[in-house]
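Here is the file upload.txt (compact mmCIF, C-alpha atoms).
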```
# COMPACT_ATOMS: atom_id res chain seq x y z
CA GLY A 1 215.39 70.75 -2.39
CA THR A 2 213.94 69.76 -5.75
CA TYR A 3 214.57 66.07 -6.64
CA ALA A 4 216.28 65.62 -3.24
CA PHE A 5 215.19 62.00 -2.78
CA ASN A 6 213.83 61.29 -6.25
CA GLY A 7 213.78 57.54 -6.92
CA CYS A 8 215.25 56.52 -3.54
CA THR A 9 213.56 53.13 -3.61
CA ALA A 10 215.16 51.94 -0.33
CA LEU A 11 213.73 54.88 1.66
CA LYS A 12 211.02 53.73 4.08
CA LYS A 13 210.50 56.56 6.58
CA ALA A 14 210.88 60.34 6.50
CA ASN A 15 210.25 63.15 9.00
CA LEU A 16 210.29 66.62 7.51
CA PRO A 17 211.60 69.56 9.59
CA LYS A 18 208.96 71.25 11.73
CA GLU A 19 209.90 74.69 10.38
CA MET A 20 209.59 73.63 6.73
CA THR A 21 206.95 75.61 4.77
CA ASN A 22 207.29 74.11 1.29
CA VAL A 23 207.69 70.53 0.04
CA PRO A 24 209.79 71.03 -3.11
CA ALA A 25 208.88 69.57 -6.49
CA TYR A 26 209.85 65.92 -7.02
CA MET A 27 211.28 65.72 -3.48
CA PHE A 28 210.05 62.14 -2.90
CA ASN A 29 209.01 61.31 -6.45
CA ASN A 30 208.89 57.57 -7.12
CA CYS A 31 209.97 56.53 -3.61
CA GLN A 32 207.97 53.35 -4.00
CA TYR A 33 208.81 51.86 -0.61
CA LEU A 34 208.33 54.98 1.45
CA ASP A 35 205.91 53.82 4.13
CA THR A 36 205.70 56.53 6.81
CA MET A 37 205.77 60.28 6.19
CA ALA A 38 205.55 62.94 8.91
CA ILE A 39 205.38 66.58 7.91
CA GLY A 40 205.41 69.70 10.06
CA ASP A 41 202.47 71.94 10.90
CA LYS A 42 203.76 74.91 8.88
CA ILE A 43 203.61 73.50 5.33
CA GLU A 44 201.90 75.92 2.93
CA THR A 45 202.68 74.34 -0.46
CA VAL A 46 203.24 70.83 -1.77
CA GLY A 47 205.20 71.01 -5.02
CA ASP A 48 204.77 69.28 -8.38
CA TYR A 49 205.20 65.49 -8.21
CA ALA A 50 206.38 65.80 -4.59
CA PHE A 51 205.04 62.37 -3.61
CA TYR A 52 204.24 60.96 -7.04
CA GLN A 53 203.98 57.16 -7.07
CA CYS A 54 204.71 56.74 -3.38
CA TYR A 55 202.49 53.68 -3.47
CA ARG A 56 202.95 52.62 0.17
CA MET A 57 203.02 56.01 1.85
CA LYS A 58 200.60 56.51 4.75
CA MET A 59 199.50 60.01 5.68
CA LYS A 60 196.11 60.75 7.20
CA SER A 61 196.07 64.53 7.08
CA LEU A 62 197.89 67.70 6.11
CA PRO A 63 198.39 70.79 8.29
CA SER A 64 195.87 73.63 8.54
CA THR A 65 198.51 75.99 7.11
CA LEU A 66 198.37 74.27 3.70
CA ARG A 67 197.08 76.45 0.87
CA THR A 68 198.27 74.87 -2.40
CA ILE A 69 198.79 71.33 -3.69
CA ASN A 70 200.44 71.36 -7.11
CA GLN A 71 200.10 69.02 -10.05
CA TYR A 72 200.64 65.26 -9.58
CA ALA A 73 201.70 65.85 -5.95
CA PHE A 74 199.97 62.71 -4.61
CA CYS A 75 199.13 60.95 -7.86
CA ASN A 76 199.20 57.13 -7.59
CA CYS A 77 199.55 57.17 -3.80
CA ASP A 78 197.48 54.05 -3.24
CA SER A 79 197.80 53.86 0.55
CA LEU A 80 196.37 57.26 1.53
CA HIS A 81 193.35 55.69 3.18
CA GLU A 82 190.97 58.03 5.01
CA PHE A 83 193.01 61.01 3.92
CA THR A 84 191.77 64.45 5.05
CA LEU A 85 192.20 67.79 3.31
CA PRO A 86 192.36 70.78 5.70
CA GLU A 87 190.13 73.81 5.81
CA GLY A 88 192.16 76.69 4.38
CA LEU A 89 193.29 74.78 1.29
CA THR A 90 192.49 76.91 -1.78
CA SER A 91 193.99 75.15 -4.81
CA VAL A 92 194.55 71.58 -6.01
CA GLY A 93 196.45 71.12 -9.28
CA GLN A 94 195.91 68.75 -12.18
CA TYR A 95 196.17 65.02 -11.38
CA ALA A 96 197.10 65.95 -7.78
CA PHE A 97 195.29 62.95 -6.29
CA ALA A 98 194.45 60.91 -9.40
CA TYR A 99 194.30 57.14 -8.81
CA SER A 100 194.87 57.50 -5.08
CA ASN A 101 191.52 56.04 -3.95
CA CYS A 102 191.75 57.94 -0.70
CA PHE A 103 188.92 60.35 0.04
CA HIS A 104 186.33 59.54 2.66
CA THR A 105 185.91 63.12 3.93
CA PRO A 106 184.38 66.26 2.37
CA ILE A 107 186.06 68.82 0.16
CA PRO A 108 187.12 71.86 2.24
CA SER A 109 184.79 74.83 2.01
CA THR A 110 187.82 76.97 1.12
CA LEU A 111 188.85 74.97 -1.98
CA LYS A 112 188.17 77.25 -4.95
CA THR A 113 190.41 75.89 -7.74
CA ILE A 114 190.40 72.23 -8.80
CA GLY A 115 192.60 71.21 -11.73
CA THR A 116 191.86 68.80 -14.55
CA HIS A 117 191.78 65.13 -13.43
CA ALA A 118 192.64 66.30 -9.90
CA PHE A 119 190.50 63.68 -8.17
CA GLU A 120 190.15 61.09 -10.93
CA ASN A 121 189.45 57.67 -9.42
CA ALA A 122 190.14 59.12 -5.96
CA PHE A 123 186.85 59.85 -4.21
CA LYS A 124 185.22 57.29 -1.93
CA LEU A 125 182.48 59.61 -0.69
CA ASP A 126 178.75 59.21 -1.19
CA THR A 127 178.45 62.99 -1.67
CA ILE A 128 180.61 65.48 -3.55
CA ARG A 129 179.96 69.14 -2.68
CA ILE A 130 181.43 71.86 -4.89
CA VAL A 131 181.64 75.07 -2.88
CA GLY A 132 180.37 78.44 -4.05
CA SER A 133 182.48 80.31 -6.63
CA ALA A 134 184.76 77.31 -7.13
CA ASN A 135 186.39 76.74 -10.51
CA VAL A 136 186.39 73.04 -11.40
CA ALA A 137 188.43 72.13 -14.48
CA GLY A 138 187.38 69.61 -17.09
CA GLN A 139 187.46 65.93 -16.08
CA ALA A 140 188.34 66.81 -12.48
CA PHE A 141 186.24 63.98 -11.00
CA VAL A 142 186.30 61.42 -13.82
CA ASN A 143 185.51 57.86 -12.73
CA CYS A 144 184.65 58.67 -9.10
CA ASN A 145 182.40 55.66 -9.09
CA GLU A 146 181.19 55.65 -5.50
CA ALA A 147 179.66 59.13 -5.42
CA THR A 148 175.86 59.02 -5.52
CA THR A 149 175.04 62.70 -4.83
CA LEU A 150 176.53 65.90 -6.25
CA ILE A 151 175.79 69.38 -4.86
CA ILE A 152 177.07 72.40 -6.81
CA GLU A 153 176.83 75.66 -4.89
CA GLU A 154 176.25 79.19 -6.21
CA ARG A 155 178.48 80.75 -8.86
CA ALA A 156 180.62 77.65 -9.34
CA THR A 157 182.15 77.05 -12.77
CA ILE A 158 182.24 73.43 -13.95
CA GLY A 159 184.46 72.41 -16.88
CA ASN A 160 183.80 69.97 -19.71
CA ASN A 161 183.36 66.30 -18.71
CA ALA A 162 184.02 67.19 -15.07
CA PHE A 163 181.99 64.24 -13.74
CA GLN A 164 182.34 61.91 -16.68
CA ASN A 165 181.70 58.23 -15.99
CA CYS A 166 180.67 58.70 -12.36
CA ALA A 167 178.65 55.54 -12.76
CA ALA A 168 176.89 55.57 -9.36
CA LEU A 169 175.84 59.22 -9.50
CA ASP A 170 172.10 59.26 -8.88
CA SER A 171 171.16 62.88 -8.08
CA VAL A 172 172.53 66.35 -8.80
CA VAL A 173 171.54 69.66 -7.16
CA ILE A 174 172.62 72.80 -9.04
CA SER A 175 172.43 76.20 -7.32
CA GLU A 176 171.98 79.70 -8.76
CA ASN A 177 174.39 81.18 -11.30
CA VAL A 178 176.32 77.99 -11.95
CA SER A 179 178.18 77.70 -15.25
CA LEU A 180 178.29 74.20 -16.77
CA GLY A 181 180.61 73.16 -19.59
CA THR A 182 179.73 70.59 -22.23
CA THR A 183 179.18 66.88 -21.53
CA VAL A 184 179.64 67.49 -17.80
CA PHE A 185 177.73 64.31 -16.92
CA ASN A 186 178.75 62.22 -19.91
CA GLY A 187 178.53 58.54 -19.05
CA CYS A 188 176.67 59.03 -15.75
CA THR A 189 174.37 56.17 -16.64
CA ASN A 190 172.61 55.97 -13.26
CA LEU A 191 171.68 59.66 -13.02
CA ARG A 192 167.95 59.90 -12.27
CA TYR A 193 167.36 63.31 -10.71
CA ILE A 194 168.64 66.83 -11.46
CA GLU A 195 167.43 69.89 -9.55
CA PHE A 196 167.95 73.16 -11.42
CA PRO A 197 167.52 76.66 -9.94
CA THR A 198 164.69 78.79 -11.30
CA THR A 199 167.14 81.14 -13.06
CA TYR A 200 169.09 78.44 -14.88
CA TYR A 201 168.03 78.32 -18.51
CA THR A 202 171.02 77.43 -20.67
CA CYS A 203 171.00 73.65 -20.28
CA THR A 204 171.71 71.86 -23.55
CA GLY A 205 171.81 68.30 -24.78
CA GLN A 206 175.59 68.47 -24.82
CA GLN A 207 175.71 69.12 -21.09
CA LEU A 208 173.53 66.10 -20.39
CA SER A 209 174.71 63.72 -23.11
CA ASN A 210 174.85 59.96 -22.63
CA ILE A 211 172.72 59.84 -19.48
CA THR A 212 170.53 56.76 -19.47
CA GLY A 213 169.25 56.45 -15.87
CA GLY A 214 165.52 55.95 -15.56
```
Represent the structure of the file as structure tokens.
Amino acid sequence: GTYAFNGCTALKKANLPKEMTNVPAYMFNNCQYLDTMAIGDKIETVGDYAFYQCYRMKMKSLPSTLRTINQYAFCNCDSLHEFTLPEGLTSVGQYAFAYSNCFHTPIPSTLKTIGTHAFENAFKLDTIRIVGSANVAGQAFVNCNEATTLIIEERATIGNNAFQNCAALDSVVISENVSLGTTVFNGCTNLRYIEFPTTYYTCTGQQLSNITGG
């Protein structure tokens, strides 16, 4: 249950029951020496802080049954190299993967809700694609410094400072009926190309502030 193994610093390996559908909040919070984690193929929800600061934990993928990852669930999990999010995932909470440096694969096409700071310092992809009708909270992708291309599909809503300080970002493609918050690209100093749809007409200086790319 909740807090079941919180702070168990001697724990190195865990295998969750195959019939388990929910990883409770704080279950493995701060298990700093947890190295190997195996979870069943029926997990639907990963709770708040479930694996927070499991610095050594290795886990390449999550089951296709997964729908929700709550706040701080995998924050500061430094060893999640080549981690894959499954199709079917619909929601990722605030700071869920912040400072995990783990993403080399695309965002699922089903992911519609992305919390504030959810992927801060986490993405290692050249391209970030925001799917149609997605709701991306402010600062969701702050400091994702390896992304060079951003594609925002139709009817997506992008919060304030969502891509702040994505220093390598070079080009952005914005589809029809996209809503942009203020200072979305603040500090994207290498941004050289933005493609707007013909119906987009509410761009302001605030949305494009502090962009200095030639």
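With all atoms listed in the file as the basis for measurement, A:Thr113 is the residue among A:Thr113, A:Thr36, A:Thr183, A:Gln53 that approaches Asn70 (chain A) most closely.
Minimum atom-to-atom distances from A:Asn177, A:Gly132, A:Ser100, A:Gly93 to Thr116 (chain A) were compared using only C-alpha atoms, and the lowest value belongs to A:Gly93.
With distances taken over all atoms listed in the file, A:Lys12 is the one residue among A:His104, A:Arg67, A:Arg155, A:Lys12 lying closest to Tyr55 (chain A).
When only C-alpha atoms are used to measure the gap to Ile69 (chain A), the shortest distance among A:Pro24, A:Gly138, A:Gly1, A:Pro197 belongs to A:Pro24.
Taking CA of Cys102 (chain A) and CA of Cys77 (chain A) as endpoints, the distance between them is 8.4 Å.
Across A:Gly7, A:Gly88, A:Gly47, A:Gly181, the tightest approach to Val23 (chain A) is made by A:Gly47 when counting all atoms listed in the file.
Here CA of Ile128 (chain A) stands at a distance of 11.8 Å from CA of Asp170 (chain A).
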Residue neighbourhood Ile130 (chain A), 12 Å, only C-alpha atoms, exclusion window fewer than 5 positions, as a PDB file with C-alpha atoms, keeping the file's coordinate frame:
```pdb
ATOM      1  CA  PRO A 106     184.380  66.260   2.370  1.00  0.00           C
ATOM      2  CA  ILE A 107     186.060  68.820   0.160  1.00  0.00           C
ATOM      3  CA  PRO A 108     187.120  71.860   2.240  1.00  0.00           C
ATOM      4  CA  SER A 109     184.790  74.830   2.010  1.00  0.00           C
ATOM      5  CA  THR A 110     187.820  76.970   1.120  1.00  0.00           C
ATOM      6  CA  LEU A 111     188.850  74.970  -1.980  1.00  0.00           C
ATOM      7  CA  LYS A 112     188.170  77.250  -4.950  1.00  0.00           C
ATOM      8  CA  THR A 113     190.410  75.890  -7.740  1.00  0.00           C
ATOM      9  CA  ILE A 114     190.400  72.230  -8.800  1.00  0.00           C
ATOM     10  CA  ASN A 135     186.390  76.740 -10.510  1.00  0.00           C
ATOM     11  CA  VAL A 136     186.390  73.040 -11.400  1.00  0.00           C
ATOM     12  CA  ALA A 137     188.430  72.130 -14.480  1.00  0.00           C
ATOM     13  CA  ALA A 140     188.340  66.810 -12.480  1.00  0.00           C
ATOM     14  CA  PHE A 141     186.240  63.980 -11.000  1.00  0.00           C
ATOM     15  CA  THR A 149     175.040  62.700  -4.830  1.00  0.00           C
ATOM     16  CA  LEU A 150     176.530  65.900  -6.250  1.00  0.00           C
ATOM     17  CA  ILE A 151     175.790  69.380  -4.860  1.00  0.00           C
ATOM     18  CA  ILE A 152     177.070  72.400  -6.810  1.00  0.00           C
ATOM     19  CA  GLU A 153     176.830  75.660  -4.890  1.00  0.00           C
ATOM     20  CA  GLU A 154     176.250  79.190  -6.210  1.00  0.00           C
ATOM     21  CA  ARG A 155     178.480  80.750  -8.860  1.00  0.00           C
ATOM     22  CA  ALA A 156     180.620  77.650  -9.340  1.00  0.00           C
ATOM     23  CA  THR A 157     182.150  77.050 -12.770  1.00  0.00           C
ATOM     24  CA  ILE A 158     182.240  73.430 -13.950  1.00  0.00           C
ATOM     25  CA  ALA A 162     184.020  67.190 -15.070  1.00  0.00           C
ATOM     26  CA  PHE A 163     181.990  64.240 -13.740  1.00  0.00           C
ATOM     27  CA  VAL A 172     172.530  66.350  -8.800  1.00  0.00           C
ATOM     28  CA  VAL A 173     171.540  69.660  -7.160  1.00  0.00           C
ATOM     29  CA  ILE A 174     172.620  72.800  -9.040  1.00  0.00           C
ATOM     30  CA  SER A 175     172.430  76.200  -7.320  1.00  0.00           C
ATOM     31  CA  VAL A 178     176.320  77.990 -11.950  1.00  0.00           C
TER      32      VAL A 178
END
```
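CA of Ala167 (chain A) is found 12.1 Å from CA of Asp126 (chain A).
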Contact check, region 87-178 of chain A to region 57-66 of chain A, at most 9 Å, counting only C-alpha atoms, closest pairs as JSON lines:
```
{"residue": "A:Glu87", "atom": "CA", "partner": "A:Ser64", "partner_atom": "CA", "distance": 6.4}
{"residue": "A:Gly88", "atom": "CA", "partner": "A:Ser64", "partner_atom": "CA", "distance": 6.4}
{"residue": "A:Leu89", "atom": "CA", "partner": "A:Leu66", "partner_atom": "CA", "distance": 5.6}
{"residue": "A:Thr90", "atom": "CA", "partner": "A:Leu66", "partner_atom": "CA", "distance": 8.5}
```
Do you know which residues are at most 8 Å from Thr68 (chain A) counting all atoms listed in the file, after dropping those on the same chain fewer than 5 positions away, and could you put them as a VMD selection string?
-> chain A and resid 44 to 46 89 to 92
Counting all atoms listed in the file, which residues come within 12 Å of (204.9, 52.4, 1.8), with the point read in the file's coordinates, and could you list them as a ChimeraX atom specification?
-> /A:9-14,28,30-37,51,53-59,76-80
What lies within 9 Å of Asn165 (chain A) using all atoms listed in the file, ignoring chain neighbours under 6 positions off, as a ChimeraX atom specification?
-> /A:141-145,185-189
May I have the selected residues written with C-alpha atoms, as a short mmCIF file (atom, residue, chain, number, x, y, z; two decimals), keeping the file's coordinate frame?
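Heads up, here's the output in result_36.cif:
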```cif
data_model
loop_
_atom_site.label_atom_id
_atom_site.label_comp_id
_atom_site.auth_asym_id
_atom_site.auth_seq_id
_atom_site.Cartn_x
_atom_site.Cartn_y
_atom_site.Cartn_z
CA PHE A 141 186.24 63.98 -11.00
CA VAL A 142 186.30 61.42 -13.82
CA ASN A 143 185.51 57.86 -12.73
CA CYS A 144 184.65 58.67 -9.10
CA ASN A 145 182.40 55.66 -9.09
CA PHE A 185 177.73 64.31 -16.92
CA ASN A 186 178.75 62.22 -19.91
CA GLY A 187 178.53 58.54 -19.05
CA CYS A 188 176.67 59.03 -15.75
CA THR A 189 174.37 56.17 -16.64
#
```
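Comparing A:Ala134, A:Ala98, A:Leu85, A:Ala38 by their smallest distance to Ser179 (chain A), the closest is A:Ala134 (using all atoms listed in the file).
The list of residues within 6 Å of (189.2, 58.7, -5.4), counted using all atoms listed in the file, is Ser100, Asn101, Cys102, Phe103, Phe119, Asn121, Ala122, Phe123, Lys124 and Cys144 of chain A.
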May I have the residues within 6 Å of Ser171 (chain A) as an NGL selection string, using only C-alpha atoms and disregarding those fewer than 6 positions away in the same chain?
-> :A and (149 or 191 or 193-194)
Around all of region 137-148 of chain A's listed atoms, make the axis-aligned box with 8 Å on each side and tell me centre and edge lengths in Å to one decimal, as lines of an AutoDock Vina configuration file.
```
center_x = 182.1
center_y = 63.9
center_z = -11.3
size_x = 28.6
size_y = 32.5
size_z = 27.7
```
With a distance cut-off of 6 Å and only C-alpha atoms, select the neighbouring residues of Cys75 (chain A), excluding the residue or stretch itself and same-chain residues fewer than 4 positions from it, and output the selection as number ranges by chain.
-> A: 52, 96-98
With the input short on atoms, add N, CA and C atoms back to region 77-90 of chain A and write it as a PDB file, keeping the file's coordinate frame.
```pdb
ATOM      1  N   CYS A  77     199.233  57.508  -5.199  1.00  0.00           N
ATOM      2  CA  CYS A  77     199.550  57.170  -3.800  1.00  0.00           C
ATOM      3  C   CYS A  77     198.431  56.276  -3.286  1.00  0.00           C
ATOM      4  N   ASP A  78     198.571  54.993  -3.471  1.00  0.00           N
ATOM      5  CA  ASP A  78     197.480  54.050  -3.240  1.00  0.00           C
ATOM      6  C   ASP A  78     197.138  53.821  -1.776  1.00  0.00           C
ATOM      7  N   SER A  79     198.008  54.200  -0.861  1.00  0.00           N
ATOM      8  CA  SER A  79     197.800  53.860   0.550  1.00  0.00           C
ATOM      9  C   SER A  79     197.319  55.029   1.405  1.00  0.00           C
ATOM     10  N   LEU A  80     196.857  56.093   0.772  1.00  0.00           N
ATOM     11  CA  LEU A  80     196.370  57.260   1.530  1.00  0.00           C
ATOM     12  C   LEU A  80     194.924  57.047   1.980  1.00  0.00           C
ATOM     13  N   HIS A  81     194.700  56.010   2.734  1.00  0.00           N
ATOM     14  CA  HIS A  81     193.350  55.690   3.180  1.00  0.00           C
ATOM     15  C   HIS A  81     192.868  56.704   4.213  1.00  0.00           C
ATOM     16  N   GLU A  82     191.609  57.088   4.086  1.00  0.00           N
ATOM     17  CA  GLU A  82     190.970  58.030   5.010  1.00  0.00           C
ATOM     18  C   GLU A  82     191.754  59.341   5.117  1.00  0.00           C
ATOM     19  N   PHE A  83     192.235  59.780   3.996  1.00  0.00           N
ATOM     20  CA  PHE A  83     193.010  61.010   3.920  1.00  0.00           C
ATOM     21  C   PHE A  83     192.094  62.216   4.087  1.00  0.00           C
ATOM     22  N   THR A  84     192.569  63.266   4.799  1.00  0.00           N
ATOM     23  CA  THR A  84     191.770  64.450   5.050  1.00  0.00           C
ATOM     24  C   THR A  84     192.449  65.689   4.513  1.00  0.00           C
ATOM     25  N   LEU A  85     191.702  66.501   3.771  1.00  0.00           N
ATOM     26  CA  LEU A  85     192.200  67.790   3.310  1.00  0.00           C
ATOM     27  C   LEU A  85     191.780  68.871   4.311  1.00  0.00           C
ATOM     28  N   PRO A  86     192.666  69.798   4.653  1.00  0.00           N
ATOM     29  CA  PRO A  86     192.360  70.780   5.700  1.00  0.00           C
ATOM     30  C   PRO A  86     191.537  71.964   5.193  1.00  0.00           C
ATOM     31  N   GLU A  87     190.734  72.520   6.077  1.00  0.00           N
ATOM     32  CA  GLU A  87     190.130  73.810   5.810  1.00  0.00           C
ATOM     33  C   GLU A  87     191.257  74.842   5.654  1.00  0.00           C
ATOM     34  N   GLY A  88     191.113  75.726   4.693  1.00  0.00           N
ATOM     35  CA  GLY A  88     192.160  76.690   4.380  1.00  0.00           C
ATOM     36  C   GLY A  88     192.827  76.395   3.058  1.00  0.00           C
ATOM     37  N   LEU A  89     192.755  75.141   2.611  1.00  0.00           N
ATOM     38  CA  LEU A  89     193.290  74.780   1.290  1.00  0.00           C
ATOM     39  C   LEU A  89     192.495  75.480   0.200  1.00  0.00           C
ATOM     40  N   THR A  90     193.187  76.140  -0.740  1.00  0.00           N
ATOM     41  CA  THR A  90     192.490  76.910  -1.780  1.00  0.00           C
ATOM     42  C   THR A  90     192.652  76.349  -3.182  1.00  0.00           C
TER      43      THR A  90
END
```
